[in-house]
>>> print(open('coords23.tsv').read())   # TSV, C-alpha atoms and all ligand atoms
chain	number	residue	atom	x	y	z
A	1371	MET	CA	108.85	205.12	113.67
A	1372	VAL	CA	106.13	202.66	112.78
A	1373	ALA	CA	102.86	203.88	111.34
A	1374	THR	CA	99.86	203.27	113.57
A	1375	GLY	CA	98.03	201.81	110.59
A	1376	VAL	CA	100.70	199.11	110.30
A	1377	HIS	CA	100.26	198.26	113.98
A	1378	ILE	CA	96.53	197.89	113.43
A	1379	LEU	CA	96.99	195.80	110.28
A	1380	LEU	CA	99.44	193.49	112.05
A	1381	SER	CA	97.09	193.08	115.00
A	1382	LEU	CA	94.13	192.27	112.76
A	1383	ALA	CA	96.21	189.76	110.79
A	1384	LEU	CA	97.42	188.01	113.95
A	1385	ILE	CA	93.91	187.87	115.37
A	1386	SER	CA	92.69	186.55	112.04
A	1387	VAL	CA	95.21	183.72	112.22
A	1388	LEU	CA	95.06	182.99	115.94
A	1389	ARG	CA	91.51	183.87	116.86
A	1390	ARG	CA	89.54	183.40	113.63
A	1391	SER	CA	86.27	184.68	114.99
A	1392	GLY	CA	83.13	185.47	113.09
A	1393	ARG	CA	82.32	188.13	115.64
A	1394	PRO	CA	83.63	191.71	115.38
A	1395	GLU	CA	84.67	192.20	119.02
A	1396	PRO	CA	88.12	190.55	118.82
A	1397	TYR	CA	89.02	192.63	115.79
A	1398	LEU	CA	87.74	195.85	117.36
A	1399	VAL	CA	89.55	195.23	120.63
A	1400	GLY	CA	92.74	194.15	118.84
A	1401	ALA	CA	92.74	197.25	116.65
A	1402	LEU	CA	92.17	199.54	119.62
A	1403	ALA	CA	94.87	197.83	121.67
A	1404	ALA	CA	97.30	198.19	118.77
A	1405	ALA	CA	96.50	201.89	118.35
A	1406	VAL	CA	96.37	203.02	121.99
A	1407	PRO	CA	100.14	202.93	122.78
A	1408	ASP	CA	100.88	205.65	120.24
A	1409	SER	CA	98.28	207.92	121.82
A	1410	ASP	CA	101.19	209.23	123.87
A	1411	THR	CA	102.13	211.44	120.94
A	1412	PHE	CA	98.95	213.50	121.21
A	1413	VAL	CA	97.92	212.93	124.84
A	1414	PHE	CA	101.20	213.32	126.71
A	1415	ARG	CA	103.01	215.71	124.36
A	1416	PRO	CA	100.79	218.72	125.17
A	1417	LEU	CA	101.22	217.99	128.88
A	1418	VAL	CA	105.00	217.94	128.45
A	1419	GLU	CA	104.96	221.12	126.37
A	1420	ILE	CA	103.04	223.08	128.99
A	1421	GLY	CA	105.30	221.71	131.70
A	1422	TYR	CA	102.68	219.63	133.46
A	1423	ALA	CA	104.62	216.41	132.91
A	1424	GLY	CA	108.23	215.74	132.04
A	1425	GLY	CA	110.86	213.10	131.55
A	1426	VAL	CA	111.29	210.12	129.31
A	1427	LEU	CA	108.35	208.23	130.82
A	1428	TRP	CA	105.93	210.75	129.34
A	1429	GLY	CA	107.67	210.81	125.98
A	1430	HIS	CA	106.97	208.59	123.01
A	1431	ARG	CA	107.42	204.88	123.74
A	1432	GLY	CA	107.41	205.52	127.48
A	1433	LEU	CA	104.62	204.52	129.86
A	1434	THR	CA	102.14	203.62	127.13
A	1435	HIS	CA	104.57	201.07	125.72
A	1436	SER	CA	105.43	199.45	129.07
A	1437	LEU	CA	104.20	196.24	130.65
A	1438	LEU	CA	102.24	198.36	133.13
A	1439	GLY	CA	100.63	200.24	130.26
A	1440	GLY	CA	99.81	196.89	128.66
A	1441	VAL	CA	98.06	195.63	131.77
A	1442	VAL	CA	95.98	198.82	131.97
A	1443	VAL	CA	95.04	198.71	128.27
A	1444	ILE	CA	94.19	195.01	128.33
A	1445	VAL	CA	92.08	195.28	131.49
A	1446	LEU	CA	90.17	198.31	130.17
A	1447	LEU	CA	89.55	196.73	126.76
A	1448	SER	CA	88.48	193.44	128.34
A	1449	PHE	CA	85.21	195.21	129.17
A	1450	VAL	CA	84.63	195.66	125.43
A	1451	GLY	CA	85.81	192.29	124.08
A	1452	PRO	CA	88.13	189.34	124.66
A	1453	TRP	CA	91.20	190.22	126.67
A	1454	ARG	CA	93.34	187.85	124.62
A	1455	ALA	CA	92.64	189.88	121.49
A	1456	ALA	CA	93.67	193.01	123.40
A	1457	ALA	CA	96.85	191.23	124.50
A	1458	ILE	CA	97.61	190.29	120.88
A	1459	GLY	CA	97.06	193.88	119.74
A	1460	PHE	CA	99.11	195.48	122.49
A	1461	GLY	CA	101.80	192.80	122.38
A	1462	SER	CA	102.25	193.04	118.62
A	1463	HIS	CA	102.59	196.82	118.92
A	1464	VAL	CA	105.25	196.62	121.62
A	1465	VAL	CA	107.20	193.84	119.89
A	1466	PHE	CA	107.17	195.77	116.63
A	1467	ASP	CA	108.35	198.96	118.32
A	1468	PHE	CA	110.96	196.90	120.19
A	1469	LEU	CA	112.37	195.82	116.83
A	1470	SER	CA	112.28	199.30	115.34
A	1471	GLY	CA	114.02	201.42	117.95
A	1472	GLY	CA	112.99	200.28	121.40
A	1473	VAL	CA	110.46	200.73	124.16
A	1474	ARG	CA	110.66	201.50	127.86
A	1475	LEU	CA	109.29	198.09	128.71
A	1476	LEU	CA	109.72	198.26	132.48
A	1477	ALA	CA	108.59	201.86	133.01
A	1478	PRO	CA	108.11	203.41	135.51
A	1479	LEU	CA	110.48	201.14	137.46
A	1480	ASP	CA	113.25	201.24	134.86
A	1481	ARG	CA	113.67	204.00	132.29
A	1482	THR	CA	115.95	201.99	130.04
A	1483	LEU	CA	115.02	201.86	126.37
A	1484	TYR	CA	115.06	198.19	125.37
A	1485	GLY	CA	115.09	197.21	121.74
A	1486	LEU	CA	116.76	196.78	118.41
A	1487	SER	CA	117.15	199.12	115.48
A	1488	PHE	CA	116.01	197.40	112.36
A	1489	ASP	CA	115.14	199.60	109.42
A	1490	TRP	CA	111.61	200.77	110.21
A	1491	VAL	CA	110.78	201.49	106.58
A	1492	LEU	CA	111.62	197.92	105.62
A	1493	LEU	CA	109.75	196.57	108.66
A	1494	ASN	CA	106.70	198.66	107.76
A	1495	ALA	CA	106.75	197.44	104.19
A	1496	LEU	CA	107.26	193.76	105.00
A	1497	THR	CA	104.70	193.79	107.77
A	1498	SER	CA	102.15	195.56	105.61
A	1499	VAL	CA	102.58	193.00	102.83
A	1500	PHE	CA	102.29	190.13	105.33
A	1501	ALA	CA	99.24	191.59	107.08
A	1502	VAL	CA	97.35	192.50	103.93
A	1503	THR	CA	98.07	189.06	102.44
A	1504	VAL	CA	96.81	187.29	105.57
A	1505	LEU	CA	93.72	189.49	105.83
A	1506	LEU	CA	92.84	189.12	102.16
A	1507	GLY	CA	93.35	185.37	102.40
A	1508	ASP	CA	91.12	185.24	105.44
A	1509	LEU	CA	88.40	187.31	103.79
A	1510	LEU	CA	88.51	185.27	100.57
A	1511	GLY	CA	88.51	182.06	102.59
A	1512	ARG	CA	85.44	183.19	104.47
A	1513	LYS	CA	83.68	184.29	101.29
A	1514	TYR	CA	84.30	181.03	99.43
A	1515	GLY	CA	84.20	178.75	102.46
A	1516	LEU	CA	87.78	177.57	102.06
A	1517	GLU	CA	89.44	175.75	104.91
A	1518	THR	CA	93.24	175.89	104.81
A	1519	ARG	CA	94.14	173.67	107.73
A	1520	THR	CA	95.64	170.27	107.10
A	1521	GLU	CA	95.20	167.15	109.17
A	1522	SER	CA	98.87	166.99	110.15
A	1523	TYR	CA	98.90	170.44	111.70
A	1524	THR	CA	96.15	172.49	113.18
A	1525	ALA	CA	96.21	175.58	115.30
A	1526	GLU	CA	93.35	174.17	117.37
A	1527	PRO	CA	95.25	174.21	120.71
A	1528	ILE	CA	96.15	177.87	120.17
A	1529	LEU	CA	92.64	178.70	119.03
A	1530	GLU	CA	91.19	176.92	122.06
A	1531	TRP	CA	93.49	178.88	124.37
A	1532	LEU	CA	92.34	182.13	122.76
A	1533	ARG	CA	88.63	181.42	123.32
B	1601	ZN	ZN	104.39	202.68	119.39
>>> encode(input="coords23.tsv", output="structure tokens", more="lines below")
Ligand SMILES: [Zn+2]
Amino acid sequence: MVATGVHILLSLALISVLRRSGRPEPYLVGALAAAVPDSDTFVFRPLVEIGYAGGVLWGHRGLTHSLLGGVVVIVLLSFVGPWRAAAIGFGSHVVFDFLSGGVRLLAPLDRTLYGLSFDWVLLNALTSVFAVTVLLGDLLGRKYGLETRTESYTAEPILEWLR
């Protein structure tokens, strides 16, 4: 189990590194895309409990964590902000859950749970430290006008792709 807050932090950190926008939309869309997959715990669970829906697809890490769910989330959030930020948010969520127990990536076509079982407590802790460090560095860099890129390596091609 990965805390939704960690998903959001990771998404914001990745967008900070890859997108580096002065506008709020990428961060908003990325945070929403990182949070939406776990909505299955409070949207689908009541439906399953009253017998309206059933099966593993409607359980946690089912449809909302699949490629189909990703397409739906990214398309819907693209009306709010950049679709690439939504893809980063959703993708980071699914990859993280893949590492910490698995997701039904090909639902509804395939109900197999794909993934690994790394210690989710350790993953949460390491990811939180990484994300907070990146976000604080980004905020301090913006405040003091620091530029951390070197001439030998720049992320410009990635940043250009994300625009
Ligand atoms: Zn999840």
>>> closest_residue(input="coords23.tsv", among="A:Tyr1422, A:Trp1453, A:Tyr1484, A:Phe1460", to="ligand ZN 1601 (chain B)", atoms="only C-alpha atoms and all ligand atoms")
A:Phe1460
>>> residues_near_ligand(input="coords23.tsv", ligand="ligand ZN 1601 (chain B)", cutoff="10 Å", atoms="all atoms listed in the file", output="number ranges by chain")
A: 1371-1374, 1377, 1404-1411, 1430-1432, 1434-1435, 1460, 1462-1468, 1470-1473
>>> closest_residue(input="coords23.tsv", among="A:Ala1455, A:Leu1493, A:Ala1501, A:Val1445", to="A:Glu1395", atoms="all atoms listed in the file")
A:Ala1455
>>> residues_around(input="coords23.tsv", residues="A:Gly1429", least_positions_apart="4", cutoff="9 Å", atoms="all atoms listed in the file", output="list in words")
Asp1410, Thr1411, Phe1414, Arg1415, Val1418, Gly1424, Gly1425 and Leu1433 of chain A
>>> write_last_selection(input="coords23.tsv", atoms="C-alpha atoms", output="short mmCIF file (atom, residue, chain, number, x, y, z; two decimals), in the coordinates of the input")
data_model
loop_
_atom_site.label_atom_id
_atom_site.label_comp_id
_atom_site.auth_asym_id
_atom_site.auth_seq_id
_atom_site.Cartn_x
_atom_site.Cartn_y
_atom_site.Cartn_z
CA ASP A 1410 101.19 209.23 123.87
CA THR A 1411 102.13 211.44 120.94
CA PHE A 1414 101.20 213.32 126.71
CA ARG A 1415 103.01 215.71 124.36
CA VAL A 1418 105.00 217.94 128.45
CA GLY A 1424 108.23 215.74 132.04
CA GLY A 1425 110.86 213.10 131.55
CA LEU A 1433 104.62 204.52 129.86
#
>>> axis_aligned_box(input="coords23.tsv", around="stretch 1441-1451 of chain A", padding_each_side="4 Å", output="AutoDock Vina command-line options")
--center_x 91.3 --center_y 195.6 --center_z 128.0 --size_x 21.4 --size_y 14.5 --size_z 15.9
>>> residues_around(input="coords23.tsv", residues="A:Asn1494", least_positions_apart="4", cutoff="7 Å", atoms="all atoms listed in the file", output="ChimeraX atom specification")
/A:1372,1376,1490,1498
>>> write_last_selection(input="coords23.tsv", atoms="C-alpha atoms", output="CSV table (one decimal), keeping the file's coordinate frame")
chain,number,residue,atom,x,y,z
A,1372,VAL,CA,106.1,202.7,112.8
A,1376,VAL,CA,100.7,199.1,110.3
A,1490,TRP,CA,111.6,200.8,110.2
A,1498,SER,CA,102.2,195.6,105.6
>>> atom_distance(input="coords23.tsv", atom1="atom CA of A:Leu1476", atom2="atom CA of A:Leu1437")
6.2 Å
>>> build_atoms(input="coords23.tsv", residues="stretch 1483-1519 of chain A", atoms="N, CA and C atoms", output="CSV table (one decimal), keeping the file's coordinate frame")
chain,number,residue,atom,x,y,z
A,1483,LEU,N,115.7,202.1,127.6
A,1483,LEU,CA,115.0,201.9,126.4
A,1483,LEU,C,115.5,200.5,125.9
A,1484,TYR,N,114.7,199.5,125.8
A,1484,TYR,CA,115.1,198.2,125.4
A,1484,TYR,C,114.6,198.0,123.9
A,1485,GLY,N,115.5,197.5,123.1
A,1485,GLY,CA,115.1,197.2,121.7
A,1485,GLY,C,116.2,197.1,120.8
A,1486,LEU,N,115.8,196.9,119.5
A,1486,LEU,CA,116.8,196.8,118.4
A,1486,LEU,C,116.5,197.9,117.4
A,1487,SER,N,117.3,198.0,116.4
A,1487,SER,CA,117.2,199.1,115.5
A,1487,SER,C,117.2,198.6,114.0
A,1488,PHE,N,116.2,197.8,113.7
A,1488,PHE,CA,116.0,197.4,112.4
A,1488,PHE,C,115.4,198.6,111.6
A,1489,ASP,N,115.6,198.5,110.3
A,1489,ASP,CA,115.1,199.6,109.4
A,1489,ASP,C,113.6,199.6,109.5
A,1490,TRP,N,113.1,200.7,110.0
A,1490,TRP,CA,111.6,200.8,110.2
A,1490,TRP,C,110.9,200.9,108.9
A,1491,VAL,N,111.5,201.4,107.9
A,1491,VAL,CA,110.8,201.5,106.6
A,1491,VAL,C,110.6,200.1,106.0
A,1492,LEU,N,111.7,199.3,106.1
A,1492,LEU,CA,111.6,197.9,105.6
A,1492,LEU,C,110.6,197.1,106.5
A,1493,LEU,N,110.7,197.3,107.8
A,1493,LEU,CA,109.8,196.6,108.7
A,1493,LEU,C,108.3,196.9,108.3
A,1494,ASN,N,108.1,198.2,108.1
A,1494,ASN,CA,106.7,198.7,107.8
A,1494,ASN,C,106.3,198.0,106.5
A,1495,ALA,N,107.1,198.0,105.5
A,1495,ALA,CA,106.8,197.4,104.2
A,1495,ALA,C,106.5,195.9,104.3
A,1496,LEU,N,107.4,195.2,104.9
A,1496,LEU,CA,107.3,193.8,105.0
A,1496,LEU,C,106.0,193.4,105.8
A,1497,THR,N,105.8,194.1,106.9
A,1497,THR,CA,104.7,193.8,107.8
A,1497,THR,C,103.4,194.1,107.1
A,1498,SER,N,103.4,195.2,106.3
A,1498,SER,CA,102.2,195.6,105.6
A,1498,SER,C,101.8,194.5,104.6
A,1499,VAL,N,102.8,194.0,103.8
A,1499,VAL,CA,102.6,193.0,102.8
A,1499,VAL,C,102.1,191.7,103.5
A,1500,PHE,N,102.7,191.3,104.6
A,1500,PHE,CA,102.3,190.1,105.3
A,1500,PHE,C,100.9,190.3,105.8
A,1501,ALA,N,100.6,191.4,106.5
A,1501,ALA,CA,99.2,191.6,107.1
A,1501,ALA,C,98.1,191.7,106.0
A,1502,VAL,N,98.4,192.4,105.0
A,1502,VAL,CA,97.4,192.5,103.9
A,1502,VAL,C,97.1,191.1,103.3
A,1503,THR,N,98.2,190.4,103.0
A,1503,THR,CA,98.1,189.1,102.4
A,1503,THR,C,97.2,188.1,103.3
A,1504,VAL,N,97.6,188.1,104.6
A,1504,VAL,CA,96.8,187.3,105.6
A,1504,VAL,C,95.3,187.7,105.6
A,1505,LEU,N,95.1,189.0,105.7
A,1505,LEU,CA,93.7,189.5,105.8
A,1505,LEU,C,92.9,189.2,104.6
A,1506,LEU,N,93.5,189.4,103.4
A,1506,LEU,CA,92.8,189.1,102.2
A,1506,LEU,C,92.6,187.6,102.0
A,1507,GLY,N,93.6,186.8,102.4
A,1507,GLY,CA,93.4,185.4,102.4
A,1507,GLY,C,92.2,184.9,103.3
A,1508,ASP,N,92.2,185.6,104.5
A,1508,ASP,CA,91.1,185.2,105.4
A,1508,ASP,C,89.8,185.6,104.9
A,1509,LEU,N,89.7,186.8,104.3
A,1509,LEU,CA,88.4,187.3,103.8
A,1509,LEU,C,87.9,186.4,102.6
A,1510,LEU,N,88.9,186.1,101.7
A,1510,LEU,CA,88.5,185.3,100.6
A,1510,LEU,C,88.1,183.9,101.0
A,1511,GLY,N,88.9,183.4,102.0
A,1511,GLY,CA,88.5,182.1,102.6
A,1511,GLY,C,87.1,182.0,103.2
A,1512,ARG,N,86.8,183.1,103.9
A,1512,ARG,CA,85.4,183.2,104.5
A,1512,ARG,C,84.4,183.3,103.4
A,1513,LYS,N,84.7,184.1,102.3
A,1513,LYS,CA,83.7,184.3,101.3
A,1513,LYS,C,83.4,183.0,100.5
A,1514,TYR,N,84.5,182.2,100.2
A,1514,TYR,CA,84.3,181.0,99.4
A,1514,TYR,C,84.3,179.8,100.3
A,1515,GLY,N,84.3,179.9,101.6
A,1515,GLY,CA,84.2,178.8,102.5
A,1515,GLY,C,85.4,177.8,102.4
A,1516,LEU,N,86.6,178.4,102.1
A,1516,LEU,CA,87.8,177.6,102.1
A,1516,LEU,C,88.3,177.3,103.5
A,1517,GLU,N,88.8,176.1,103.7
A,1517,GLU,CA,89.4,175.8,104.9
A,1517,GLU,C,90.9,175.4,104.6
A,1518,THR,N,91.8,176.1,105.2
A,1518,THR,CA,93.2,175.9,104.8
A,1518,THR,C,94.0,175.0,105.7
A,1519,ARG,N,93.4,174.5,106.8
A,1519,ARG,CA,94.1,173.7,107.7
A,1519,ARG,C,94.3,172.3,107.2
